[in-house]
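Enquirer: If you scroll down you'll find the structure; I have some questions about it.
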Amino acid sequence: MHEVSLVSALVDQVEELARVQHFDRVLTIWLSVGALSGAEPSCIDFCFSEVTRSSVLEGAQLVMQREDVELACRGCAELSCPSDPAALFCGTCHSTDVDIRKGQDFRIAELEVE
Amino acid sequence: MCRDCGCDQASQEHAHWVNGRMVRHTHAHDHEGGGSPRATDAPRRLVVGRSVLAKNAAIAAQNRMWFASHGIHVLNLISAPGSGKTLLLEKTVARLGRNSRVVILTGDQEEEFDAQRLRAVGADVRQLNTGSSCHLDASRIARELGEFVKPVPQLLIIENVGNLVCPAAFDLGETMKVALLSTTEGEDKPSKYPLLFHEAGLVVLTKMDLVPHLDWNVDLCEGHIRRVNTAAPILRLSARTGEGLKPWLAFLQAGPS
């Protein structure tokens, strides 16, 4: 399952932050999950407690916020947010020549730590 | 009694790191080198805003610089399992000949079968086994640079683990992603897995020789590719019959220049 490796990468990042920012435990973690990130919130939720065991994230509350896709059209320069993440074309002129500006990232947004 | 230090001076309960593990226990003195327990610290909020894959992205950027500084053109081949990546590479190596400057890294969860097949036709190839992981990541590639992949101008083909989702999310530092789709898969796959097909610099339709035997519509499929990617050339080929191999080889040979 792909999400296991994503959550493992997440644990590595947070443990590095724990060393630099001097915290022992994460109480709450807020994640931003892009609609095109390849990460599925239900799968992250499913494996989170197991993968974070014996780490600073053990027992942390997990809050996930979905980040919608935002496209910038190379033709008409308009921004659009398709409701269907697979519809990668401009909402204004329908060109498929678009840059994905948002929705590809799987980010740690915030941490509550002690 | 505390299982880490053996103390029995119980006072306030706290949790902290001991030898890489989170330990909750109660005692009244410091552990070896651990400093004072921080159990009384008030909770605080940290705004992070960092990509979970930032570490992979940083290593991929280093790989990309290394490839560029040595004139190495890198293709990352991504498809579902069974689309014919290995057969295409077998035919490619056989047609290019042993003196061509091509090296191959082939990824699978287990076994060396792909490397054995490619070696049998004369390929310079190394098998990368990912174990439980469903994709190659940048650090796995970085380990081969300067080792198996020599710092000389050449073409490096990375045959990723068969999977349409995760390999698209893990940058390896490649010059270009190449997506393969076989005619035994649904025509609508590019719309169902849009990220890979959006990012691909070339889309290869494989097993074209089977089309007469299938209810598979090439125009419908190319329409789905164009929904997510306007620019990428689409190559129709059959590694079995040799149809379309010429433009594929021309594409490979044009790459490093």
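Letters A, B, ... go to the chains of the structure tokens in the order shown; residues in each chain start at 1; ligands are counted from 1 in the same order.
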Quick one: which range 30-100 of chain A residues come within 9 Å of range 225-229 of chain B, and what is the nearest atom pair for each with the distance in Å to one decimal, counting only C-alpha atoms, rows ordered by chain and ascending number, as a Markdown table?
Expert:
| residue | atom | partner | partner_atom | distance |
| --- | --- | --- | --- | --- |
| A:Ala86 | CA | B:Val228 | CA | 7.7 |
| A:Ala87 | CA | B:Val228 | CA | 7.2 |
| A:Leu88 | CA | B:Val228 | CA | 5.4 |
| A:Phe89 | CA | B:Arg227 | CA | 7.2 |
| A:Thr96 | CA | B:Arg227 | CA | 6.4 |
| A:Asp97 | CA | B:Asn229 | CA | 7.2 |
| A:Val98 | CA | B:Asn229 | CA | 8.7 |
Enquirer: Go ahead and save the picked residues with all heavy atoms, as a short mmCIF file (atom, residue, chain, number, x, y, z; two decimals), in the first residue's frame.
Expert:
data_model
loop_
_atom_site.label_atom_id
_atom_site.label_comp_id
_atom_site.auth_asym_id
_atom_site.auth_seq_id
_atom_site.Cartn_x
_atom_site.Cartn_y
_atom_site.Cartn_z
N ALA A 86 -9.99 14.84 -12.26
CA ALA A 86 -9.47 14.26 -13.50
C ALA A 86 -9.70 15.19 -14.69
O ALA A 86 -9.16 14.96 -15.77
CB ALA A 86 -10.14 12.92 -13.78
N ALA A 87 -10.50 16.24 -14.51
CA ALA A 87 -10.80 17.15 -15.62
C ALA A 87 -9.74 18.24 -15.68
O ALA A 87 -9.92 19.34 -15.18
CB ALA A 87 -12.19 17.76 -15.43
N LEU A 88 -8.60 17.88 -16.28
CA LEU A 88 -7.47 18.81 -16.27
C LEU A 88 -7.54 19.74 -17.47
O LEU A 88 -6.67 19.73 -18.34
CB LEU A 88 -6.15 18.03 -16.24
CG LEU A 88 -5.92 17.18 -14.99
CD1 LEU A 88 -4.61 16.44 -15.07
CD2 LEU A 88 -5.96 18.03 -13.73
N PHE A 89 -8.61 20.53 -17.55
CA PHE A 89 -8.68 21.55 -18.60
C PHE A 89 -9.23 22.85 -18.04
O PHE A 89 -9.87 22.88 -16.98
CB PHE A 89 -9.49 21.06 -19.81
CG PHE A 89 -10.84 20.51 -19.47
CD1 PHE A 89 -11.92 21.36 -19.28
CD2 PHE A 89 -11.03 19.14 -19.35
CE1 PHE A 89 -13.17 20.85 -18.98
CE2 PHE A 89 -12.28 18.62 -19.05
CZ PHE A 89 -13.35 19.48 -18.86
N THR A 96 -6.71 22.28 -22.80
CA THR A 96 -6.07 21.31 -21.90
C THR A 96 -4.60 21.65 -21.68
O THR A 96 -3.88 20.90 -21.01
CB THR A 96 -6.17 19.87 -22.46
OG1 THR A 96 -5.75 19.88 -23.81
CG2 THR A 96 -7.59 19.35 -22.36
N ASP A 97 -4.18 22.79 -22.22
CA ASP A 97 -2.80 23.22 -22.05
C ASP A 97 -2.72 24.02 -20.74
O ASP A 97 -2.73 25.25 -20.73
CB ASP A 97 -2.38 24.08 -23.26
CG ASP A 97 -0.88 24.32 -23.26
OD1 ASP A 97 -0.17 23.67 -22.47
OD2 ASP A 97 -0.42 25.18 -24.03
N VAL A 98 -2.65 23.29 -19.63
CA VAL A 98 -2.72 23.93 -18.31
C VAL A 98 -1.58 23.49 -17.40
O VAL A 98 -1.05 22.40 -17.54
CB VAL A 98 -4.06 23.59 -17.59
CG1 VAL A 98 -5.23 24.29 -18.26
CG2 VAL A 98 -4.28 22.08 -17.53
#
Enquirer: Kindly provide, as a short mmCIF file (atom, residue, chain, number, x, y, z; two decimals) with all heavy atoms, in the first residue's frame, the residues of chain A having any atom no farther than 7 Å from an atom of chain B, counting only C-alpha atoms.
Expert:
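Output contents, as saved in out.cif:
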data_model
loop_
_atom_site.label_atom_id
_atom_site.label_comp_id
_atom_site.auth_asym_id
_atom_site.auth_seq_id
_atom_site.Cartn_x
_atom_site.Cartn_y
_atom_site.Cartn_z
N HIS A 2 0.64 2.09 -0.94
CA HIS A 2 1.39 3.32 -1.17
C HIS A 2 1.41 4.24 0.04
O HIS A 2 2.42 4.87 0.35
CB HIS A 2 0.70 3.98 -2.36
CG HIS A 2 1.15 5.34 -2.68
ND1 HIS A 2 2.46 5.63 -2.94
CD2 HIS A 2 0.47 6.49 -2.81
CE1 HIS A 2 2.55 6.91 -3.24
NE2 HIS A 2 1.37 7.46 -3.15
N SER A 5 4.24 3.99 2.69
CA SER A 5 5.52 4.68 2.45
C SER A 5 5.37 6.19 2.61
O SER A 5 6.30 6.86 3.05
CB SER A 5 6.11 4.31 1.10
OG SER A 5 5.13 4.21 0.12
N ALA A 9 7.49 8.40 5.29
CA ALA A 9 8.20 9.65 4.94
C ALA A 9 7.76 10.78 5.87
O ALA A 9 8.56 11.62 6.29
CB ALA A 9 7.95 10.02 3.48
N LEU A 10 6.49 10.77 6.21
CA LEU A 10 5.93 11.76 7.13
C LEU A 10 6.58 11.64 8.52
O LEU A 10 6.99 12.64 9.12
CB LEU A 10 4.42 11.53 7.22
CG LEU A 10 3.61 12.31 8.22
CD1 LEU A 10 3.41 13.70 7.71
CD2 LEU A 10 2.26 11.66 8.45
N GLN A 13 10.07 13.07 8.49
CA GLN A 13 10.07 14.55 8.48
C GLN A 13 9.78 15.09 9.88
O GLN A 13 10.42 16.04 10.33
CB GLN A 13 8.98 15.06 7.53
CG GLN A 13 9.26 14.78 6.09
CD GLN A 13 9.77 16.01 5.37
OE1 GLN A 13 9.72 17.11 5.91
NE2 GLN A 13 10.27 15.84 4.18
N ASP A 24 8.83 16.57 22.16
CA ASP A 24 8.88 15.14 22.47
C ASP A 24 7.71 14.37 21.89
O ASP A 24 7.75 13.16 21.74
CB ASP A 24 8.86 14.94 23.99
CG ASP A 24 10.05 15.60 24.66
OD1 ASP A 24 11.14 15.54 24.07
OD2 ASP A 24 9.87 16.20 25.74
N LEU A 36 -4.67 15.40 -6.33
CA LEU A 36 -3.84 14.67 -7.30
C LEU A 36 -2.55 14.16 -6.68
O LEU A 36 -1.62 13.80 -7.39
CB LEU A 36 -3.50 15.58 -8.48
CG LEU A 36 -4.61 15.92 -9.46
CD1 LEU A 36 -4.07 16.90 -10.51
CD2 LEU A 36 -5.14 14.69 -10.14
N SER A 37 -2.47 14.14 -5.36
CA SER A 37 -1.21 13.77 -4.71
C SER A 37 -0.96 12.27 -4.74
O SER A 37 0.14 11.82 -4.43
CB SER A 37 -1.21 14.25 -3.26
OG SER A 37 -2.17 13.52 -2.52
N GLY A 38 -1.99 11.50 -5.06
CA GLY A 38 -1.83 10.04 -5.02
C GLY A 38 -2.02 9.49 -3.63
O GLY A 38 -1.82 8.31 -3.39
N SER A 54 5.74 3.99 18.18
CA SER A 54 7.12 4.19 18.67
C SER A 54 7.80 5.39 18.02
O SER A 54 9.02 5.42 17.90
CB SER A 54 7.99 2.95 18.45
OG SER A 54 7.41 1.83 19.04
N SER A 55 7.03 6.36 17.56
CA SER A 55 7.63 7.59 17.05
C SER A 55 7.01 8.77 17.80
O SER A 55 6.11 8.58 18.61
CB SER A 55 7.34 7.74 15.55
OG SER A 55 6.04 8.24 15.34
N VAL A 56 7.50 9.98 17.52
CA VAL A 56 6.91 11.17 18.18
C VAL A 56 5.45 11.35 17.81
O VAL A 56 4.73 12.11 18.45
CB VAL A 56 7.65 12.49 17.82
CG1 VAL A 56 8.90 12.64 18.62
CG2 VAL A 56 7.91 12.59 16.34
N ALA A 86 -9.99 14.84 -12.26
CA ALA A 86 -9.47 14.26 -13.50
C ALA A 86 -9.70 15.19 -14.69
O ALA A 86 -9.16 14.96 -15.77
CB ALA A 86 -10.14 12.92 -13.78
N LEU A 88 -8.60 17.88 -16.28
CA LEU A 88 -7.47 18.81 -16.27
C LEU A 88 -7.54 19.74 -17.47
O LEU A 88 -6.67 19.73 -18.34
CB LEU A 88 -6.15 18.03 -16.24
CG LEU A 88 -5.92 17.18 -14.99
CD1 LEU A 88 -4.61 16.44 -15.07
CD2 LEU A 88 -5.96 18.03 -13.73
N THR A 96 -6.71 22.28 -22.80
CA THR A 96 -6.07 21.31 -21.90
C THR A 96 -4.60 21.65 -21.68
O THR A 96 -3.88 20.90 -21.01
CB THR A 96 -6.17 19.87 -22.46
OG1 THR A 96 -5.75 19.88 -23.81
CG2 THR A 96 -7.59 19.35 -22.36
N ASP A 97 -4.18 22.79 -22.22
CA ASP A 97 -2.80 23.22 -22.05
C ASP A 97 -2.72 24.02 -20.74
O ASP A 97 -2.73 25.25 -20.73
CB ASP A 97 -2.38 24.08 -23.26
CG ASP A 97 -0.88 24.32 -23.26
OD1 ASP A 97 -0.17 23.67 -22.47
OD2 ASP A 97 -0.42 25.18 -24.03
N ASP A 105 0.29 18.28 -4.06
CA ASP A 105 1.13 18.13 -2.88
C ASP A 105 0.45 17.39 -1.74
O ASP A 105 -0.75 17.47 -1.57
CB ASP A 105 1.52 19.53 -2.38
CG ASP A 105 3.02 19.70 -2.34
OD1 ASP A 105 3.72 18.77 -2.78
OD2 ASP A 105 3.48 20.75 -1.86
N PHE A 106 1.26 16.70 -0.97
CA PHE A 106 0.83 16.08 0.28
C PHE A 106 1.71 16.72 1.35
O PHE A 106 2.90 16.44 1.42
CB PHE A 106 1.03 14.57 0.18
CG PHE A 106 0.72 13.81 1.44
CD1 PHE A 106 -0.37 14.13 2.24
CD2 PHE A 106 1.52 12.75 1.84
CE1 PHE A 106 -0.65 13.42 3.39
CE2 PHE A 106 1.25 12.03 2.99
CZ PHE A 106 0.16 12.37 3.77
N ARG A 107 1.12 17.66 2.12
CA ARG A 107 1.92 18.52 2.99
C ARG A 107 1.56 18.38 4.46
O ARG A 107 0.40 18.15 4.81
CB ARG A 107 1.69 20.00 2.62
CG ARG A 107 2.67 20.56 1.62
CD ARG A 107 2.61 22.08 1.59
NE ARG A 107 1.30 22.62 1.83
CZ ARG A 107 0.37 22.84 0.90
NH1 ARG A 107 0.61 22.55 -0.35
NH2 ARG A 107 -0.79 23.35 1.23
N ILE A 108 2.58 18.57 5.31
CA ILE A 108 2.32 18.75 6.73
C ILE A 108 1.99 20.23 6.90
O ILE A 108 2.83 21.09 6.64
CB ILE A 108 3.57 18.42 7.57
CG1 ILE A 108 4.09 17.02 7.25
CG2 ILE A 108 3.26 18.57 9.06
CD1 ILE A 108 5.50 16.77 7.75
N ALA A 109 0.76 20.54 7.29
CA ALA A 109 0.37 21.95 7.42
C ALA A 109 0.80 22.50 8.77
O ALA A 109 1.55 23.46 8.86
CB ALA A 109 -1.14 22.09 7.23
N GLU A 110 0.35 21.84 9.85
CA GLU A 110 0.66 22.33 11.20
C GLU A 110 0.82 21.17 12.16
O GLU A 110 0.31 20.07 11.92
CB GLU A 110 -0.47 23.22 11.71
CG GLU A 110 -0.33 24.68 11.31
CD GLU A 110 -1.39 25.54 11.96
OE1 GLU A 110 -1.29 25.77 13.17
OE2 GLU A 110 -2.32 25.96 11.27
N LEU A 111 1.50 21.46 13.25
CA LEU A 111 1.66 20.48 14.33
C LEU A 111 1.33 21.14 15.65
O LEU A 111 1.69 22.31 15.87
CB LEU A 111 3.11 19.99 14.40
CG LEU A 111 3.70 19.22 13.22
CD1 LEU A 111 5.20 19.02 13.43
CD2 LEU A 111 3.01 17.89 13.04
N GLU A 112 0.67 20.42 16.53
CA GLU A 112 0.57 20.85 17.92
C GLU A 112 1.46 19.90 18.71
O GLU A 112 1.27 18.68 18.66
CB GLU A 112 -0.88 20.78 18.42
CG GLU A 112 -1.03 21.31 19.84
CD GLU A 112 -2.44 21.11 20.38
OE1 GLU A 112 -3.11 20.15 19.98
OE2 GLU A 112 -2.85 21.92 21.22
N VAL A 113 2.44 20.46 19.39
CA VAL A 113 3.47 19.62 20.01
C VAL A 113 3.67 19.99 21.46
O VAL A 113 3.28 21.06 21.92
CB VAL A 113 4.82 19.77 19.26
CG1 VAL A 113 4.66 19.39 17.81
CG2 VAL A 113 5.37 21.19 19.40
N GLU A 114 4.33 19.11 22.19
CA GLU A 114 4.77 19.46 23.54
C GLU A 114 6.08 18.73 23.84
O GLU A 114 6.46 17.80 23.14
CB GLU A 114 3.70 19.08 24.58
CG GLU A 114 3.47 17.59 24.71
CD GLU A 114 2.55 17.23 25.86
OE1 GLU A 114 1.86 18.12 26.39
OE2 GLU A 114 2.52 16.04 26.21
#
Enquirer: Nearest to Val218 in chain B among B:Gly162, B:Ala120, B:Leu235, B:Gly201, with distances taken over only C-alpha atoms: which residue is it?
Expert: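 Looking only at the distances to Val218 in chain B, the closest residue turns out to be B:Leu235.
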Enquirer: In chain A, what's strand (DSSP E or B) per DSSP? Answer as a PyMOL selection string?
Expert: chain A and resi 26-34+61-67+70-73+79-80+98-102+106-113
Enquirer: Would you save the residues from that selection as an mmCIF file, in the first residue's frame, using N, CA and C atoms?
Expert:
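So out.cif came out as:
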data_model
loop_
_atom_site.group_PDB
_atom_site.id
_atom_site.type_symbol
_atom_site.label_atom_id
_atom_site.label_comp_id
_atom_site.auth_asym_id
_atom_site.auth_seq_id
_atom_site.Cartn_x
_atom_site.Cartn_y
_atom_site.Cartn_z
ATOM 1 N N VAL A 26 3.868 14.726 19.477
ATOM 2 C CA VAL A 26 2.906 15.477 18.669
ATOM 3 C C VAL A 26 1.508 15.147 19.188
ATOM 4 N N LEU A 27 0.748 16.191 19.516
ATOM 5 C CA LEU A 27 -0.623 15.972 20.011
ATOM 6 C C LEU A 27 -1.595 15.914 18.841
ATOM 7 N N THR A 28 -1.394 16.835 17.880
ATOM 8 C CA THR A 28 -2.269 16.882 16.706
ATOM 9 C C THR A 28 -1.429 17.198 15.477
ATOM 10 N N ILE A 29 -1.734 16.539 14.367
ATOM 11 C CA ILE A 29 -1.066 16.858 13.104
ATOM 12 C C ILE A 29 -2.128 17.172 12.063
ATOM 13 N N TRP A 30 -1.938 18.321 11.371
ATOM 14 C CA TRP A 30 -2.852 18.712 10.308
ATOM 15 C C TRP A 30 -2.156 18.468 8.966
ATOM 16 N N LEU A 31 -2.757 17.654 8.122
ATOM 17 C CA LEU A 31 -2.177 17.348 6.813
ATOM 18 C C LEU A 31 -3.029 17.973 5.711
ATOM 19 N N SER A 32 -2.367 18.445 4.688
ATOM 20 C CA SER A 32 -3.061 18.921 3.500
ATOM 21 C C SER A 32 -2.847 17.883 2.397
ATOM 22 N N VAL A 33 -3.934 17.302 1.922
ATOM 23 C CA VAL A 33 -3.842 16.189 0.971
ATOM 24 C C VAL A 33 -4.380 16.633 -0.391
ATOM 25 N N GLY A 34 -3.495 16.833 -1.341
ATOM 26 C CA GLY A 34 -3.890 17.261 -2.678
ATOM 27 C C GLY A 34 -4.720 16.199 -3.385
ATOM 28 N N GLN A 61 -3.439 12.985 17.260
ATOM 29 C CA GLN A 61 -4.709 13.109 16.541
ATOM 30 C C GLN A 61 -4.405 13.548 15.104
ATOM 31 N N LEU A 62 -5.057 12.901 14.149
ATOM 32 C CA LEU A 62 -4.789 13.158 12.733
ATOM 33 C C LEU A 62 -5.952 13.937 12.119
ATOM 34 N N VAL A 63 -5.630 15.111 11.557
ATOM 35 C CA VAL A 63 -6.671 15.912 10.904
ATOM 36 C C VAL A 63 -6.238 16.147 9.460
ATOM 37 N N MET A 64 -7.077 15.730 8.512
ATOM 38 C CA MET A 64 -6.698 15.881 7.104
ATOM 39 C C MET A 64 -7.628 16.848 6.388
ATOM 40 N N GLN A 65 -7.014 17.744 5.650
ATOM 41 C CA GLN A 65 -7.780 18.699 4.854
ATOM 42 C C GLN A 65 -7.451 18.445 3.387
ATOM 43 N N ARG A 66 -8.468 18.266 2.568
ATOM 44 C CA ARG A 66 -8.234 18.014 1.156
ATOM 45 C C ARG A 66 -7.922 19.324 0.440
ATOM 46 N N GLU A 67 -6.915 19.310 -0.411
ATOM 47 C CA GLU A 67 -6.596 20.491 -1.220
ATOM 48 C C GLU A 67 -7.101 20.248 -2.641
ATOM 49 N N GLU A 70 -6.040 23.320 -8.558
ATOM 50 C CA GLU A 70 -6.146 24.648 -9.177
ATOM 51 C C GLU A 70 -5.272 24.643 -10.428
ATOM 52 N N LEU A 71 -5.866 25.058 -11.522
ATOM 53 C CA LEU A 71 -5.169 25.050 -12.808
ATOM 54 C C LEU A 71 -4.949 26.473 -13.300
ATOM 55 N N ALA A 72 -3.793 26.694 -13.925
ATOM 56 C CA ALA A 72 -3.523 27.966 -14.593
ATOM 57 C C ALA A 72 -3.435 27.674 -16.083
ATOM 58 N N CYS A 73 -4.269 28.344 -16.848
ATOM 59 C CA CYS A 73 -4.320 28.093 -18.296
ATOM 60 C C CYS A 73 -3.160 28.800 -18.987
ATOM 61 N N LEU A 79 -7.311 31.285 -13.981
ATOM 62 C CA LEU A 79 -7.203 30.204 -13.002
ATOM 63 C C LEU A 79 -8.551 29.503 -12.901
ATOM 64 N N SER A 80 -8.535 28.187 -12.711
ATOM 65 C CA SER A 80 -9.798 27.495 -12.501
ATOM 66 C C SER A 80 -9.608 26.320 -11.543
ATOM 67 N N VAL A 98 -2.646 23.289 -19.630
ATOM 68 C CA VAL A 98 -2.722 23.934 -18.312
ATOM 69 C C VAL A 98 -1.578 23.490 -17.401
ATOM 70 N N ASP A 99 -1.226 24.371 -16.473
ATOM 71 C CA ASP A 99 -0.286 24.041 -15.401
ATOM 72 C C ASP A 99 -1.076 23.684 -14.156
ATOM 73 N N ILE A 100 -0.662 22.625 -13.464
ATOM 74 C CA ILE A 100 -1.313 22.307 -12.189
ATOM 75 C C ILE A 100 -0.648 23.159 -11.104
ATOM 76 N N ARG A 101 -1.413 24.112 -10.556
ATOM 77 C CA ARG A 101 -0.839 25.021 -9.548
ATOM 78 C C ARG A 101 -1.003 24.472 -8.138
ATOM 79 N N LYS A 102 -2.110 23.806 -7.893
ATOM 80 C CA LYS A 102 -2.370 23.239 -6.565
ATOM 81 C C LYS A 102 -3.003 21.870 -6.727
ATOM 82 N N PHE A 106 1.264 16.699 -0.969
ATOM 83 C CA PHE A 106 0.825 16.083 0.278
ATOM 84 C C PHE A 106 1.711 16.721 1.351
ATOM 85 N N ARG A 107 1.117 17.660 2.115
ATOM 86 C CA ARG A 107 1.925 18.522 2.986
ATOM 87 C C ARG A 107 1.558 18.379 4.458
ATOM 88 N N ILE A 108 2.578 18.575 5.308
ATOM 89 C CA ILE A 108 2.322 18.754 6.732
ATOM 90 C C ILE A 108 1.988 20.229 6.897
ATOM 91 N N ALA A 109 0.764 20.544 7.288
ATOM 92 C CA ALA A 109 0.369 21.949 7.419
ATOM 93 C C ALA A 109 0.804 22.496 8.775
ATOM 94 N N GLU A 110 0.351 21.839 9.847
ATOM 95 C CA GLU A 110 0.664 22.325 11.196
ATOM 96 C C GLU A 110 0.822 21.170 12.159
ATOM 97 N N LEU A 111 1.500 21.458 13.248
ATOM 98 C CA LEU A 111 1.657 20.476 14.327
ATOM 99 C C LEU A 111 1.335 21.141 15.650
ATOM 100 N N GLU A 112 0.667 20.424 16.531
ATOM 101 C CA GLU A 112 0.567 20.853 17.923
ATOM 102 C C GLU A 112 1.458 19.900 18.710
ATOM 103 N N VAL A 113 2.444 20.464 19.390
ATOM 104 C CA VAL A 113 3.468 19.620 20.010
ATOM 105 C C VAL A 113 3.672 19.992 21.464
#
Enquirer: List the spatial neighbours of Pro247 in chain B as a list in words - criterion: any atom at most 10 Å away, only C-alpha atoms, same-chain residues fewer than 4 positions off excluded.
Expert: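 My reading of the contact set: Leu235, Arg236, Leu237, Glu243, Phe251, Leu252 and Gln253 of chain B.
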Enquirer: Could you work out how far CA of Glu90 in chain B lies from CA of Gln116 in chain B, giving the answer in Å with one decimal?
Expert: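 Distance reported for this atom pair: 10.5 Å.
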Enquirer: Within 9 Å of Val4 in chain A, counting only C-alpha atoms, which residues show up once you throw out same-chain ones fewer than 3 positions away? Write them as an NGL selection string, please.
Expert: (:A and (1 or 7-9 or 43-44 or 47-48 or 51)) or (:B and (133))
Enquirer: May I have the selected residues written with N, CA, C and O atoms, as a compact mmCIF listing (two decimals), in the first residue's frame?
Expert:
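For reference, out.txt as written:
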# COMPACT_ATOMS: atom_id res chain seq x y z
N MET A 1 0.84 -1.21 0.00
CA MET A 1 0.00 0.00 0.00
C MET A 1 0.88 1.25 0.00
O MET A 1 1.73 1.44 0.84
N VAL A 7 3.32 7.68 4.79
CA VAL A 7 3.29 7.96 6.23
C VAL A 7 4.68 7.73 6.84
O VAL A 7 5.09 8.46 7.75
N SER A 8 5.45 6.77 6.30
CA SER A 8 6.83 6.59 6.77
C SER A 8 7.67 7.83 6.48
O SER A 8 8.45 8.27 7.33
N ALA A 9 7.49 8.40 5.29
CA ALA A 9 8.20 9.65 4.94
C ALA A 9 7.76 10.78 5.87
O ALA A 9 8.56 11.62 6.29
N CYS A 43 -6.96 5.76 3.36
CA CYS A 43 -5.84 4.82 3.49
C CYS A 43 -4.79 5.35 4.47
O CYS A 43 -4.16 4.59 5.20
N ILE A 44 -4.60 6.68 4.47
CA ILE A 44 -3.66 7.28 5.43
C ILE A 44 -4.18 7.03 6.84
O ILE A 44 -3.45 6.60 7.73
N CYS A 47 -3.64 3.38 8.05
CA CYS A 47 -2.32 2.88 8.46
C CYS A 47 -1.60 3.79 9.45
O CYS A 47 -0.54 3.43 9.96
N PHE A 48 -2.18 4.97 9.74
CA PHE A 48 -1.47 5.98 10.54
C PHE A 48 -1.01 5.46 11.91
O PHE A 48 0.15 5.60 12.28
N VAL A 51 1.86 2.78 11.57
CA VAL A 51 3.15 3.26 11.07
C VAL A 51 3.82 4.24 12.04
O VAL A 51 5.04 4.31 12.11
N SER B 133 7.71 -1.87 -0.96
CA SER B 133 7.36 -0.59 -1.56
C SER B 133 6.91 -0.75 -3.01
O SER B 133 7.40 -1.60 -3.74
Enquirer: Give me the residues near range 60-77 of chain B as a VMD selection string, where near means some atom within 9 Å (using only C-alpha atoms) and where sequence neighbours in that chain fewer than 4 positions away do not count.
Expert: chain B and resid 55 to 56 85 137 to 139 141 to 142 145 150 to 161 170 to 180 252 255 to 257
Enquirer: Mind pulling up the distance from CA of Leu105 in chain B to CA of Arg126 in chain B?
Expert: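 Taking CA of Arg126 in chain B and CA of Leu105 in chain B, their separation equals 5.1 Å.
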Enquirer: Figure out the distance between CA of Leu214 in chain B and CA of Glu187 in chain B, please, to one decimal in Å.
Expert: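 One can read the CA of Glu187 in chain B to CA of Leu214 in chain B distance as 11.6 Å.
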Enquirer: Residues within 10 Å of Asp215 in chain B, please, as a ChimeraX atom specification. Count only C-alpha atoms; anything in the same chain fewer than 6 positions from it doesn't count.
Expert: /B:183-184,186
